[in-house]
>>> print(open('protein29.cif').read())   # mmCIF, C-alpha atoms
data_input
#
loop_
_atom_site.label_atom_id
_atom_site.label_comp_id
_atom_site.auth_asym_id
_atom_site.auth_seq_id
_atom_site.Cartn_x
_atom_site.Cartn_y
_atom_site.Cartn_z
CA MET T 105 119.44 149.60 89.46
CA ALA T 106 121.60 147.32 91.59
CA VAL T 107 120.00 144.93 94.07
CA ASN T 108 122.21 143.14 96.59
CA TYR T 109 120.94 140.09 98.49
CA VAL T 110 122.43 139.51 101.95
CA CYS T 111 121.52 136.98 104.65
CA ARG T 112 119.68 138.68 107.50
CA HIS T 113 121.25 136.34 110.06
CA CYS T 114 124.90 135.67 109.10
CA ARG T 115 125.25 138.69 106.75
CA THR T 116 126.70 136.51 103.97
CA PHE T 117 126.54 138.05 100.50
CA ILE T 118 124.17 135.88 98.46
CA GLY T 119 124.03 137.62 95.10
CA ARG T 120 123.53 140.76 93.07
CA ILE T 121 121.29 141.86 90.23
CA ASP T 122 122.65 144.82 88.29
CA SER T 123 120.37 145.77 85.43
CA ASP T 124 118.55 148.83 84.16
CA GLN T 125 115.67 146.57 83.08
CA ILE T 126 114.85 145.32 86.58
CA SER T 127 112.13 147.00 88.63
CA GLU T 128 110.64 146.60 92.07
CA GLU T 129 107.50 145.22 90.45
CA LYS T 130 109.47 142.55 88.56
CA LEU T 131 111.13 141.55 91.84
CA GLY T 132 107.74 141.34 93.56
CA PHE T 133 108.42 144.04 96.12
CA HIS T 134 104.99 145.56 95.49
CA PHE T 135 103.41 142.52 97.17
CA LEU T 136 105.09 143.37 100.50
CA THR T 137 103.33 145.37 103.19
CA PRO T 138 104.98 148.63 104.29
CA ALA T 139 106.20 146.91 107.48
CA GLU T 140 107.68 144.00 105.49
CA ARG T 141 109.39 146.45 103.13
CA ARG T 142 111.02 148.28 106.08
CA ASP T 143 112.18 144.95 107.53
CA ILE T 144 113.49 143.41 104.31
CA ILE T 145 114.58 146.22 101.98
CA ALA T 146 117.14 148.99 102.56
CA TYR T 147 117.95 151.79 100.12
CA ASN T 148 121.29 153.60 100.10
CA SER T 149 122.12 157.08 98.85
CA GLY T 150 123.85 155.68 95.74
CA GLY T 151 120.60 154.14 94.51
CA GLU T 152 121.46 150.56 95.42
CA ILE T 153 119.00 148.31 97.19
CA THR T 154 119.91 145.72 99.82
CA VAL T 155 117.44 142.89 100.38
CA ARG T 156 117.81 140.94 103.61
CA ILE T 157 116.76 137.30 103.18
CA THR T 158 117.75 134.03 104.85
CA CYS T 159 120.49 131.95 103.19
CA ASP T 160 120.26 128.17 102.83
CA TYR T 161 122.70 127.54 105.68
CA CYS T 162 120.73 129.67 108.15
CA THR T 163 117.42 128.23 106.96
CA GLU T 164 118.73 124.73 107.63
CA ALA T 165 120.08 125.73 111.06
CA LEU T 166 116.79 127.38 112.06
CA GLU T 167 114.77 124.37 110.87
CA SER T 168 117.03 122.00 112.83
CA HIS T 169 117.04 124.21 115.93
CA PRO T 170 113.84 126.30 116.01
CA GLU T 171 114.74 127.64 119.46
CA LEU T 172 117.36 129.83 117.72
CA SER T 173 114.56 131.99 116.32
CA LEU T 174 113.91 133.23 119.87
CA LEU T 175 117.30 134.97 119.94
CA ALA T 176 117.80 138.47 118.52
CA ASN T 177 120.89 137.45 116.50
CA PRO T 178 120.93 133.66 116.43
CA LEU T 179 123.54 132.96 113.77
CA GLN T 180 126.12 135.72 113.80
#
>>> encode(input="protein29.cif", output="C-alpha coordinates")
Amino acid sequence: MAVNYVCRHCRTFIGRIDSDQISEEKLGFHFLTPAERRDIIAYNSGGEITVRITCDYCTEALESHPELSLLANPLQ
(Lines of atoms letter the chains of each structure in order from A and count residues from 1; the text may use other names and numbers.)
(Lines give C-alpha, C1' and ligand atoms only; values in the text may rest on other atoms or scores of the structure.)
Protein backbone atom coordinates (compact mmCIF):
# COMPACT_ATOMS: atom_id res chain seq x y z
CA MET A 1 0.00 0.00 0.00
CA ALA A 2 1.28 3.47 -0.86
CA VAL A 3 0.21 6.48 1.19
CA ASN A 4 1.01 9.97 -0.08
CA TYR A 5 0.83 12.99 2.23
CA VAL A 6 -0.01 16.33 0.59
CA CYS A 7 -0.73 19.73 2.13
CA ARG A 8 -4.43 20.53 1.91
CA HIS A 9 -3.72 24.24 1.44
CA CYS A 10 -0.63 24.67 -0.79
CA ARG A 11 -0.71 21.13 -2.26
CA THR A 12 2.98 20.58 -1.47
CA PHE A 13 4.08 16.95 -1.43
CA ILE A 14 5.09 16.16 2.16
CA GLY A 15 6.01 12.50 2.05
CA ARG A 16 5.18 8.94 1.09
CA ILE A 17 4.92 5.61 2.87
CA ASP A 18 5.23 2.63 0.55
CA SER A 19 5.04 -0.62 2.45
CA ASP A 20 3.02 -3.82 2.39
CA GLN A 21 3.21 -3.92 6.19
CA ILE A 22 1.36 -0.64 6.74
CA SER A 23 -2.38 -0.63 7.40
CA GLU A 24 -5.06 1.96 7.98
CA GLU A 25 -5.20 0.86 11.61
CA LYS A 26 -1.45 1.41 12.07
CA LEU A 27 -1.85 4.90 10.59
CA GLY A 28 -4.74 5.64 12.95
CA PHE A 29 -7.34 6.15 10.25
CA HIS A 30 -9.84 4.03 12.19
CA PHE A 31 -10.07 6.81 14.79
CA LEU A 32 -11.51 9.23 12.21
CA THR A 33 -15.23 9.74 11.78
CA PRO A 34 -16.72 9.00 8.34
CA ALA A 35 -16.92 12.75 7.64
CA GLU A 36 -13.27 13.26 8.64
CA ARG A 37 -12.23 10.34 6.44
CA ARG A 38 -14.01 11.86 3.42
CA ASP A 39 -12.34 15.22 4.10
CA ILE A 40 -8.82 13.94 4.74
CA ILE A 41 -8.36 10.68 2.80
CA ALA A 42 -8.73 10.02 -0.94
CA TYR A 43 -8.36 6.63 -2.62
CA ASN A 44 -7.38 6.24 -6.27
CA SER A 45 -8.08 3.36 -8.64
CA GLY A 46 -4.46 2.17 -8.44
CA GLY A 47 -4.80 1.44 -4.73
CA GLU A 48 -2.85 4.47 -3.54
CA ILE A 49 -4.09 6.67 -0.73
CA THR A 50 -3.67 10.44 -0.55
CA VAL A 51 -3.89 12.03 2.88
CA ARG A 52 -4.50 15.78 2.96
CA ILE A 53 -2.85 17.39 6.00
CA THR A 54 -1.44 20.85 6.74
CA CYS A 55 2.30 21.39 6.20
CA ASP A 56 4.47 23.32 8.65
CA TYR A 57 4.58 26.42 6.45
CA CYS A 58 0.79 26.64 6.17
CA THR A 59 0.33 25.88 9.87
CA GLU A 60 2.65 28.77 10.71
CA ALA A 61 0.87 31.11 8.27
CA LEU A 62 -2.57 30.20 9.65
CA GLU A 63 -1.39 30.65 13.24
CA SER A 64 0.10 34.06 12.40
CA HIS A 65 -2.94 35.15 10.38
CA PRO A 66 -6.04 33.28 11.65
CA GLU A 67 -8.28 35.34 9.35
CA LEU A 68 -6.92 33.24 6.45
CA SER A 69 -8.94 30.27 7.71
CA LEU A 70 -12.10 32.13 6.66
CA LEU A 71 -11.10 31.87 2.99
CA ALA A 72 -11.91 28.79 0.90
CA ASN A 73 -8.33 28.48 -0.45
CA PRO A 74 -6.17 30.71 1.74
CA LEU A 75 -2.68 29.62 0.75
CA GLN A 76 -2.70 28.53 -2.88
>>> resolve_selection(input="protein29.cif", expression="the PyMOL selection byres ((chain T and resi 158) around 8)", output="PyMOL selection string")
chain T and resi 110-113+156-157+159-160+162-163
>>> residues_near_point(input="protein29.cif", point="(122.0, 148.4, 93.1)", cutoff="6 Å", atoms="only C-alpha atoms", output="list of chain:residue names")
T:Met105, T:Ala106, T:Val107, T:Glu152, T:Ile153
>>> atom_distance(input="protein29.cif", atom1="atom CA of T:Ile121", atom2="atom CA of T:Ala165")
26.4 Å
>>> closest_residue(input="protein29.cif", among="T:Ser168, T:Tyr109, T:Ile126, T:Leu174", to="T:Ile144", atoms="all atoms listed in the file")
T:Tyr109
>>> closest_residue(input="protein29.cif", among="T:Val155, T:Glu164, T:Leu172, T:Ala139", to="T:Ile118", atoms="only C-alpha atoms")
T:Val155
>>> closest_residue(input="protein29.cif", among="T:Asp143, T:Thr154, T:Tyr161, T:Phe135", to="T:Asp122", atoms="only C-alpha atoms")
T:Thr154
>>> closest_residue(input="protein29.cif", among="T:Thr137, T:Gly151, T:Ala146, T:Ser173", to="T:Asp124", atoms="only C-alpha atoms")
T:Gly151
>>> closest_residue(input="protein29.cif", among="T:Ile145, T:Cys114, T:Gly150, T:Pro170", to="T:Gly132", atoms="only C-alpha atoms")
T:Ile145
>>> atom_distance(input="protein29.cif", atom1="atom CA of T:Ser123", atom2="atom CA of T:Glu140")
23.8 Å
